[in-house]
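The next block holds one structure in the form of structure tokens; read it before the comments.
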Amino acid sequence: MELMPKVTHHYLRTKKKFPNVWCAGCGIGIVMGAIIRAIDKLKLSRDEVVMISGIGCSSRMPVYVDFNTLHTTHGRPLAFGTGVKLAQPNLKVIIITGDGDALAIGGNHFIHACRRNIDLTTILVNNQTYGMTGGQFAPTTPFMKLGTTAPYGNRERAFDIAKLAIAAGAPFVARGTVYHVVQLEKLVEQAILKKGFSLLEVISHCHVLYGRLNKEGGAVEMMRWQKEHAIPISAAGKVPPEKLRGKFLTGVLWDIEFPEYCEEYDKVIAEAQGET
Amino acid sequence: MTMATERKERLMQGNAACAEGAISAGVRFFAGYPITPSTEIAEYLARQLPKVGGKFIQMEDEIASMAAVIGASVAGVKSMTATSGPGFSLMQEHIGYAYMAEVPCVIVDVQRGGPSTGLPTKVSQSDTMQARWGTHGDYCAIALGPSSVKECFDLTIRAFNLSEKYRTPVVVLMDEVLAHMREKITLPNPGEIRVINRMKPTVPPEWYEHFEINPHFVSPMASFGEGYRYNITGLTHNPEGFPTARPVVIKEKLDKLKNKITHNINDIVEVREEFMEDANVAVFAYGSVARAARQAIHMARDKRMKVGLIQPLTIWPFPDEYMEHILEQLDLVIVAELNQGQLIHEVNRVNRGKTRVRGLFRYDSELITPDQIFLKVREEK
């Protein structure tokens with residue numbers, strides 16, 4: 001039987017940088033697949049796509065895909081992306097970041113990118129831990145869960161990423177999971193199409209570190225948890241409030257219009273040139 | 001009515017001249033964060049850049065500013081930032097990234113008193129070593145030091161040219177006095193300015209290596225969106241830009257970063273000397289201090305003392321070769337600095353007992369005066 005290459009294979013740097021660094025069963029590869037299929041569906045040219053990441057497991061993604069790729073410093077991909085996008089607004093800039101990357105060391109850049117509203121598609125893979133450094137607690141680790149630096153249980157509150165982004169001014173905020181992969185692909189597509197800053201939080205899992213420490217099982221069990229705890233926002237109104245407790249909403253959580261920065265800056269240029 | 005060929009005479013402050021020089025050099029992107037005493041550069045460019053189709057953005061901090069500058073440069077636009085001591089410290093992480101990823105860009109550091117928040121409105125040269133050793137890891141820095149409003153203009157252009165030519169970040173070390181001092185300056189016409197742009201690849205995308213190893217140590221640079229799809233990372237990488245942990249490839253990369261500077265010292269290093277033909281004593285000074293030194297030397301010459309001025313316009317790399325040669329003819333070198341002694345370590349390193357080296361340091365927020373330098377020369381002679 002002849003093996004037909006999947007759509008994703010056309011976009012991978014198969015001869016350059018494989019095998020990848022991700023553990024077997026990791027959700028990040030699923031996110032990468034969803035992004036590639038969305039880009040393929042939107043018929044974006046590879047030359048116009050820029051993928052920028054920070055540091056961490058998910059931030060290794062750009063290395064594997066055949067776009068213009070920029071693997072930057074810890075927490076700062078949004079700031080690099082701001083420069084790329086403002087310098088060449090015709091490029092489609094996709095930011096890949098993790099929960100530690102975007103919300104701890106990069107928290108300042110995150111809220112300001114939300115507020116500034118430059119057309120950056122931000123895909124934040126949330127695995128509730130620092131994977132690459134070995135399972136330390138993150139700003140997203142739930143209260144009392146274990147991390148290698150929280151051996152007695154995490155005593156901090158976790159960020160609600162979507163609420164944070166909305167409060168900071170992001171015009172488009174969505175949430176998906178690596179279990180609900182068809183929905184994820186559509187959310188990526190919508191996030192890319194949104195004119196303005198878009199944030200897509202993807203609930204993933206780290207069964208190797210976080211899962212083992214907290215006895216949450218392997219990849220299968222942790223994905224089953226995603227299946228059982230995700231409630232589509234379209235169905236949220238029909239679910240009794242007591243059944244929403246401990247669950248999270250998925251889908252497009254927030255979608256408003258606000259002037260995009262690069263377009264506004266074009267007006268600045270027109271005004272300044274009229275002045276001379 | 002002014003003729004097109006007529007040069008523009010202006011009364012300008014150093015910060016404005018720096019910004020004007022940047023525009024002449026082709027800067028079309030500035031990202032920065034307000035900080036005294038560099039803020040006028042940002043203000044000037046916020047107004048002027050859009051007039052030439054360029055872009056200005058005020059970021060959330062200096063870390064982000066430097067990141068945006070690198071991003072814009074990777075997207076093919078000449079870019080810069082300007083800051084002062086504390087902000088310069090915050091930028092160090094990404095200055096290191098720009099070295100490693102070989103991204104041309106210019107960082108202006110208008111030096112003020114330190115350490116820490118220090119003296120925001122007062123002059124200093126205490127970032128001299130930070131410009132050389134500020135970021136982590138091994139690297140060779142380029143830093144230039146102007147001493148007049150005109151030099152702020154000229155050396156900013158030169159900073160861009162070196163940055164583009166060698167695909168590396170270049171620092172312009174100004175200081176508070178220079179930044180806020182106003183002098184008459186004659187701006188050259190655009191045609192009179194030599195502007196260097198980064199080398200572009202001539203090979204098809206499938207042959208392109210963003211970090212190609214070649215005999216010149218500088219690789220042609222394609223921008224994002226031009227059809228060359230490559231990877232950039234701050235991790236040690238192979239010529240294609242992919243992370244590597246192979247010792248041979250790592251060494252090759254780090255040697256390349258070093259060699260592109262050390263093999264082009266004569267092109268990068270610029271030293272101005274005055275009255276050095278017959279001098280047996282020299283004052284070594286850059287920036288605002290060089291101005292006081294010049295005055296002191298005139299005072300000394302009036303007294304028939306054979307004193308000359310050595311003013312490095314390139315601070316880093318240090319002018320080793322020139323200094324080794326000139327120190328042979330001298331009985332005494334006075335190193336005058338607005339810090340507790342930074343460049344004097346470099347002079348001593350090169351000197352190795354050839355002649356007497358004495359320091360004249362001031363770090364109480366005031367400029368070194370010509371009198372102080374003159375008296376120091378007389379006392380030590």
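For the structure tokens, the naming scheme is as follows: chains receive sequential letters (A, B, ...) according to their order of presentation, residues are indexed from 1 within each chain, and ligands are indexed from 1 in presentation order.
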Tell me as a list in words which residues belonging to chain B come within 7 Å of chain A, counting only C-alpha atoms.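 Putting it all together, I get Pro50, Lys51, Gly53, Glu60, Ala64, Ala67, Ala68, Val69, Ile70, Gly71, Ala72, Ala75, Val77, Phe224, Gly225, Glu226, Gly227, Arg229, Tyr230, Asn231, Ile232, Thr233, Gly234 and Phe242 of chain B.
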Mind pulling up the distance from atom CA of A:Trp225 to atom CA of A:Gly251?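 Atom-to-atom, atom CA of A:Gly251 to atom CA of A:Trp225, that is 17.3 Å.
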Distance criterion (only C-alpha atoms): nearest to A:Ile94 out of A:Met144, A:Leu200, A:Ala230, A:Val208: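 Nearest candidate to A:Ile94 out of A:Met144, A:Leu200, A:Ala230, A:Val208: A:Leu200.
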Could you list, as a PyMOL selection string, every residue within 10 Å of A:Gly135, counting only C-alpha atoms and ignoring same-chain residues fewer than 4 positions away? chain A and resi 128-131+146-150+206+208-213
Would you mind telling me which residue in A:Arg175, A:Lys186, A:His207, A:Lys227 lies nearest to A:Gly134 when using only C-alpha atoms?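 Among A:Arg175, A:Lys186, A:His207, A:Lys227, it is A:His207 that comes nearest to A:Gly134.
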So that I can see what lies close to B:Glu380, please list as a list in words the residues with an atom at most 12 Å from it, counting only C-alpha atoms and leaving out residues fewer than 4 positions away in the same chain.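 Residues near the query, excluding close chain neighbours: Val281, Ala282, Val283, Asp331, Leu332, Val333, Ile334, Arg356, Val357, Arg358, Gly359, Leu360, Ile373, Phe374, Leu375 and Lys376 of chain B.
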Create the file for the chosen residues now, containing C-alpha atoms and written as a CSV table (one decimal), in the first residue's frame.
```
chain,number,residue,atom,x,y,z
B,281,VAL,CA,52.7,63.1,26.5
B,282,ALA,CA,49.2,62.2,25.4
B,283,VAL,CA,45.8,62.6,26.8
B,331,ASP,CA,56.7,59.1,28.2
B,332,LEU,CA,53.2,59.5,29.7
B,333,VAL,CA,49.6,58.9,28.9
B,334,ILE,CA,46.8,60.5,30.9
B,356,ARG,CA,53.7,55.6,32.3
B,357,VAL,CA,49.9,55.5,32.4
B,358,ARG,CA,48.0,57.7,34.8
B,359,GLY,CA,44.2,58.0,35.2
B,360,LEU,CA,42.2,61.2,35.7
B,373,ILE,CA,43.5,67.8,32.7
B,374,PHE,CA,46.2,70.5,32.2
B,375,LEU,CA,47.1,70.4,35.9
B,376,LYS,CA,47.2,66.6,35.8
```
Please, what distance in Å, to one decimal, runs between atom CA of B:Ala300 and atom CA of B:Thr128? 27.5 Å
Give the answer as one residue: which of A:Pro240, A:Arg13, A:Tyr179, A:Lys6 has the shortest atom-to-atom distance to A:Glu221, using only C-alpha atoms?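 Of all the options, A:Tyr179 lies closest to A:Glu221.
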As a count of residues only, please: every residue in stretch 75-151 of chain A that DSSP puts in helix (DSSP H, G or I). 28
Using only C-alpha atoms, which residues sit within 7 Å of stretch 23-33 of chain B once same-chain residues fewer than 5 positions away are excluded, as a list in words? Ala42, Leu49, Gly54, Lys55, Phe56, Ile57, Gln58, Met59, Glu60, Asp61, Glu62, Ser65, Ala68, Val69, Ala72, Val77, Lys78, Ser79, Met80, Thr81, Ala82, Ile157, Phe160, Pro190 and Val195 of chain B
Identify all residues of stretch 81-298 of chain B in strand (DSSP E) (DSSP on the backbone) and supply them as number ranges by chain. B: 81-83, 105-113, 119-123, 142-144, 169-175, 182-187, 231-233, 271-274, 281-284
